[in-house]
Amino acid sequence: MTTPPGQAPAPARRDAEATKAAILKAARFLLARHAHADITLKAVADRAGVSPPLILKYFGNKDTLFARVMSFDTDADALLDAPLDDLGRHMVRHVLSSQRDRGADPLLRIAFAPLHGDHGDVLRANFRAQVTERLAARLTGPDAGLRAELAVAALVGLGVMYGIARGPHLRGTGADAVADRYGPAVQAQLTPGGPGTTG
């Protein structure tokens, strides 16, 4: 049955989307802490507050679920959603707000790639294609690939200090204040002729 124009979607549809989001969040949480081979559907289900058959209903199997979790496409859409001249500040704010609001860094999963054997290679390839190469494609001027990797490295470092090292000064400072201080360092790599670039 279709929803008439102007009406909200049925509650069951919203519940399904919320359930899928909870499953993906649980799988991301576990993937950042355990080897892929050690994660069971039951562990994901327990963390998400659902039954294992519900995961199978929505995702088919463990490999399909983790293929979604190992993709950075959706995260990159939000991370890169700003004009180039304000992108550094936007990306800093996005990393911090993701940590604070969702408890998950959009980029930090890459730090755990060594845990996952062959699946780590998938994670790395996705990260390069969906984050750094996509950012590089937006940049003008020389050394775009290097500059994109340096900008992303600064963001991953920020995520590590906030989410893993749990730096108290960083965690106690507002996102705007951090973006004001750290955004220019990221932006310097994005702007042609910035510090450390040629041309």
# chains A, B, ... in the order shown; residues from 1 in each chain; ligands from 1
$ select_by_dssp --residues "chain A" --states "helix (DSSP H, G or I)" --output "VMD selection string"
chain A and resid 11 to 31 36 to 38 41 to 48 52 to 59 62 to 69 73 to 79 84 to 102 108 to 138 144 to 164 168 to 171 175 to 190
$ residues_around --residues "region 143-147 of chain A" --least-positions-apart "4" --cutoff "9 Å" --atoms "only C-alpha atoms" --output "list of chain:residue names"
A:Thr132, A:Glu133, A:Leu135, A:Ala136, A:Ala137, A:Arg138, A:Leu139, A:Ala151, A:Val152, A:Ala188, A:Gln189, A:Leu190, A:Thr191, A:Pro192, A:Thr197, A:Thr198
$ write_last_selection --atoms "N, CA, C and O atoms" --output "CSV table (one decimal), in the first residue's frame"
chain,number,residue,atom,x,y,z
A,132,THR,N,39.1,9.0,0.3
A,132,THR,CA,40.3,9.8,-0.1
A,132,THR,C,40.3,10.1,-1.6
A,132,THR,O,40.5,11.3,-2.0
A,133,GLU,N,39.9,9.1,-2.4
A,133,GLU,CA,39.9,9.4,-3.9
A,133,GLU,C,38.8,10.3,-4.3
A,133,GLU,O,38.9,11.1,-5.2
A,135,LEU,N,37.5,12.6,-2.3
A,135,LEU,CA,37.9,14.0,-1.9
A,135,LEU,C,38.9,14.5,-2.9
A,135,LEU,O,38.8,15.7,-3.4
A,136,ALA,N,39.9,13.7,-3.3
A,136,ALA,CA,40.9,14.2,-4.3
A,136,ALA,C,40.3,14.6,-5.6
A,136,ALA,O,40.8,15.6,-6.2
A,137,ALA,N,39.2,14.0,-6.0
A,137,ALA,CA,38.6,14.4,-7.2
A,137,ALA,C,38.0,15.8,-7.2
A,137,ALA,O,37.8,16.4,-8.2
A,138,ARG,N,37.7,16.2,-6.0
A,138,ARG,CA,37.1,17.6,-5.8
A,138,ARG,C,38.2,18.7,-5.8
A,138,ARG,O,37.9,19.8,-5.9
A,139,LEU,N,39.4,18.3,-5.6
A,139,LEU,CA,40.5,19.3,-5.4
A,139,LEU,C,41.1,19.7,-6.7
A,139,LEU,O,41.1,19.0,-7.7
A,151,ALA,N,44.7,15.5,4.4
A,151,ALA,CA,43.6,16.1,5.1
A,151,ALA,C,42.8,15.0,5.9
A,151,ALA,O,42.4,15.2,7.0
A,152,VAL,N,42.6,13.9,5.2
A,152,VAL,CA,41.9,12.8,5.9
A,152,VAL,C,42.7,12.2,7.1
A,152,VAL,O,42.1,11.9,8.1
A,188,ALA,N,44.1,23.8,4.8
A,188,ALA,CA,45.4,24.1,4.2
A,188,ALA,C,45.8,23.0,3.1
A,188,ALA,O,46.5,23.3,2.1
A,189,GLN,N,45.4,21.8,3.4
A,189,GLN,CA,45.6,20.7,2.4
A,189,GLN,C,44.7,20.8,1.2
A,189,GLN,O,44.9,20.2,0.2
A,190,LEU,N,43.5,21.3,1.4
A,190,LEU,CA,42.5,21.3,0.4
A,190,LEU,C,42.6,22.5,-0.6
A,190,LEU,O,42.1,22.4,-1.7
A,191,THR,N,43.2,23.5,-0.2
A,191,THR,CA,43.3,24.8,-0.9
A,191,THR,C,44.6,24.8,-1.8
A,191,THR,O,45.7,24.6,-1.2
A,192,PRO,N,44.5,24.9,-3.1
A,192,PRO,CA,45.8,24.9,-3.9
A,192,PRO,C,46.7,26.0,-3.4
A,192,PRO,O,46.2,27.2,-3.1
A,197,THR,N,52.2,22.9,-0.1
A,197,THR,CA,51.8,22.5,-1.5
A,197,THR,C,52.7,23.3,-2.5
A,197,THR,O,53.2,24.4,-2.1
A,198,THR,N,52.8,22.8,-3.7
A,198,THR,CA,53.5,23.5,-4.7
A,198,THR,C,52.5,24.1,-5.7
A,198,THR,O,51.5,23.6,-5.9
$ closest_residue --among "A:Gln187, A:Gln130, A:Thr140, A:Asn61" --to "Leu41 (chain A)" --atoms "only C-alpha atoms"
A:Asn61
$ closest_residue --among "A:Leu87, A:Val131, A:Leu150, A:Leu123" --to "Thr74 (chain A)" --atoms "only C-alpha atoms"
A:Val131
$ residues_around --residues "region 25-33 of chain A" --least-positions-apart "6" --cutoff "12 Å" --atoms "only C-alpha atoms" --output "NGL selection string"
:A and (18-19 or 39-50 or 55 or 59 or 62-72 or 102-116 or 119-120 or 123 or 163-164)
$ closest_residue --among "A:Ala177, A:Val95, A:Ala125, A:Gly88" --to "Val160 (chain A)" --atoms "only C-alpha atoms"
A:Val95
$ atom_distance --atom1 "CA of Arg89 (chain A)" --atom2 "CA of Pro184 (chain A)"
6.9 Å
$ atom_distance --atom1 "CA of Leu84 (chain A)" --atom2 "CA of Asp101 (chain A)"
24.5 Å
$ residues_around --residues "Gly117 (chain A)" --least-positions-apart "5" --cutoff "12 Å" --atoms "only C-alpha atoms" --output "PyMOL selection string"
chain A and resi 34-38+112+122-124
$ write_last_selection --atoms "all heavy atoms" --output "mmCIF file, in the first residue's frame"
data_model
loop_
_atom_site.group_PDB
_atom_site.id
_atom_site.type_symbol
_atom_site.label_atom_id
_atom_site.label_comp_id
_atom_site.auth_asym_id
_atom_site.auth_seq_id
_atom_site.Cartn_x
_atom_site.Cartn_y
_atom_site.Cartn_z
ATOM 1 N N HIS A 34 36.417 -5.958 17.469
ATOM 2 C CA HIS A 34 36.665 -7.396 17.344
ATOM 3 C C HIS A 34 36.989 -7.750 15.901
ATOM 4 O O HIS A 34 36.547 -7.068 14.974
ATOM 5 C CB HIS A 34 35.422 -8.196 17.771
ATOM 6 C CG HIS A 34 34.953 -7.878 19.143
ATOM 7 N ND1 HIS A 34 35.556 -8.358 20.273
ATOM 8 C CD2 HIS A 34 33.923 -7.093 19.564
ATOM 9 C CE1 HIS A 34 34.924 -7.888 21.348
ATOM 10 N NE2 HIS A 34 33.931 -7.112 20.939
ATOM 11 N N ALA A 35 37.721 -8.830 15.730
ATOM 12 C CA ALA A 35 37.987 -9.328 14.384
ATOM 13 C C ALA A 35 36.676 -9.767 13.739
ATOM 14 O O ALA A 35 35.789 -10.304 14.412
ATOM 15 C CB ALA A 35 38.961 -10.501 14.447
ATOM 16 N N HIS A 36 36.571 -9.545 12.439
ATOM 17 C CA HIS A 36 35.365 -9.910 11.699
ATOM 18 C C HIS A 36 34.964 -11.351 11.966
ATOM 19 O O HIS A 36 33.790 -11.653 12.194
ATOM 20 C CB HIS A 36 35.608 -9.679 10.202
ATOM 21 C CG HIS A 36 34.469 -10.091 9.329
ATOM 22 N ND1 HIS A 36 34.324 -11.378 8.857
ATOM 23 C CD2 HIS A 36 33.415 -9.395 8.851
ATOM 24 C CE1 HIS A 36 33.226 -11.445 8.122
ATOM 25 N NE2 HIS A 36 32.663 -10.259 8.094
ATOM 26 N N ALA A 37 35.948 -12.260 11.946
ATOM 27 C CA ALA A 37 35.658 -13.686 12.115
ATOM 28 C C ALA A 37 35.075 -14.005 13.489
ATOM 29 O O ALA A 37 34.384 -15.012 13.657
ATOM 30 C CB ALA A 37 36.928 -14.506 11.890
ATOM 31 N N ASP A 38 35.350 -13.150 14.484
ATOM 32 C CA ASP A 38 34.886 -13.401 15.849
ATOM 33 C C ASP A 38 33.502 -12.820 16.131
ATOM 34 O O ASP A 38 32.953 -13.018 17.215
ATOM 35 C CB ASP A 38 35.880 -12.823 16.869
ATOM 36 C CG ASP A 38 37.235 -13.507 16.812
ATOM 37 O OD1 ASP A 38 37.294 -14.660 16.322
ATOM 38 O OD2 ASP A 38 38.229 -12.888 17.224
ATOM 39 N N PHE A 112 40.859 0.123 12.358
ATOM 40 C CA PHE A 112 40.748 -1.250 12.828
ATOM 41 C C PHE A 112 40.878 -2.271 11.696
ATOM 42 O O PHE A 112 40.679 -3.460 11.916
ATOM 43 C CB PHE A 112 39.423 -1.433 13.575
ATOM 44 C CG PHE A 112 39.313 -0.513 14.751
ATOM 45 C CD1 PHE A 112 38.635 0.693 14.641
ATOM 46 C CD2 PHE A 112 39.915 -0.822 15.949
ATOM 47 C CE1 PHE A 112 38.548 1.564 15.721
ATOM 48 C CE2 PHE A 112 39.835 0.035 17.032
ATOM 49 C CZ PHE A 112 39.155 1.231 16.923
ATOM 50 N N VAL A 122 39.189 -5.198 2.120
ATOM 51 C CA VAL A 122 37.955 -4.610 1.597
ATOM 52 C C VAL A 122 37.726 -3.239 2.234
ATOM 53 O O VAL A 122 37.403 -2.261 1.557
ATOM 54 C CB VAL A 122 36.747 -5.536 1.854
ATOM 55 C CG1 VAL A 122 35.440 -4.853 1.473
ATOM 56 C CG2 VAL A 122 36.916 -6.847 1.113
ATOM 57 N N LEU A 123 37.915 -3.177 3.556
ATOM 58 C CA LEU A 123 37.734 -1.918 4.279
ATOM 59 C C LEU A 123 38.689 -0.850 3.739
ATOM 60 O O LEU A 123 38.293 0.290 3.483
ATOM 61 C CB LEU A 123 37.978 -2.165 5.768
ATOM 62 C CG LEU A 123 37.413 -1.186 6.773
ATOM 63 C CD1 LEU A 123 35.899 -1.095 6.689
ATOM 64 C CD2 LEU A 123 37.826 -1.590 8.187
ATOM 65 N N ARG A 124 39.951 -1.224 3.542
ATOM 66 C CA ARG A 124 40.946 -0.271 3.016
ATOM 67 C C ARG A 124 40.590 0.189 1.603
ATOM 68 O O ARG A 124 40.683 1.376 1.284
ATOM 69 C CB ARG A 124 42.338 -0.914 3.002
ATOM 70 C CG ARG A 124 42.952 -1.120 4.359
ATOM 71 C CD ARG A 124 44.373 -1.687 4.221
ATOM 72 N NE ARG A 124 44.846 -2.164 5.490
ATOM 73 C CZ ARG A 124 44.764 -3.430 5.899
ATOM 74 N NH1 ARG A 124 44.228 -4.355 5.129
ATOM 75 N NH2 ARG A 124 45.228 -3.773 7.087
#
$ atom_distance --atom1 "CA of Ala78 (chain A)" --atom2 "CA of Gly159 (chain A)"
15.9 Å
$ closest_residue --among "A:Arg181, A:Ile23, A:Tyr162, A:Arg134" --to "Asp77 (chain A)" --atoms "only C-alpha atoms"
A:Arg134
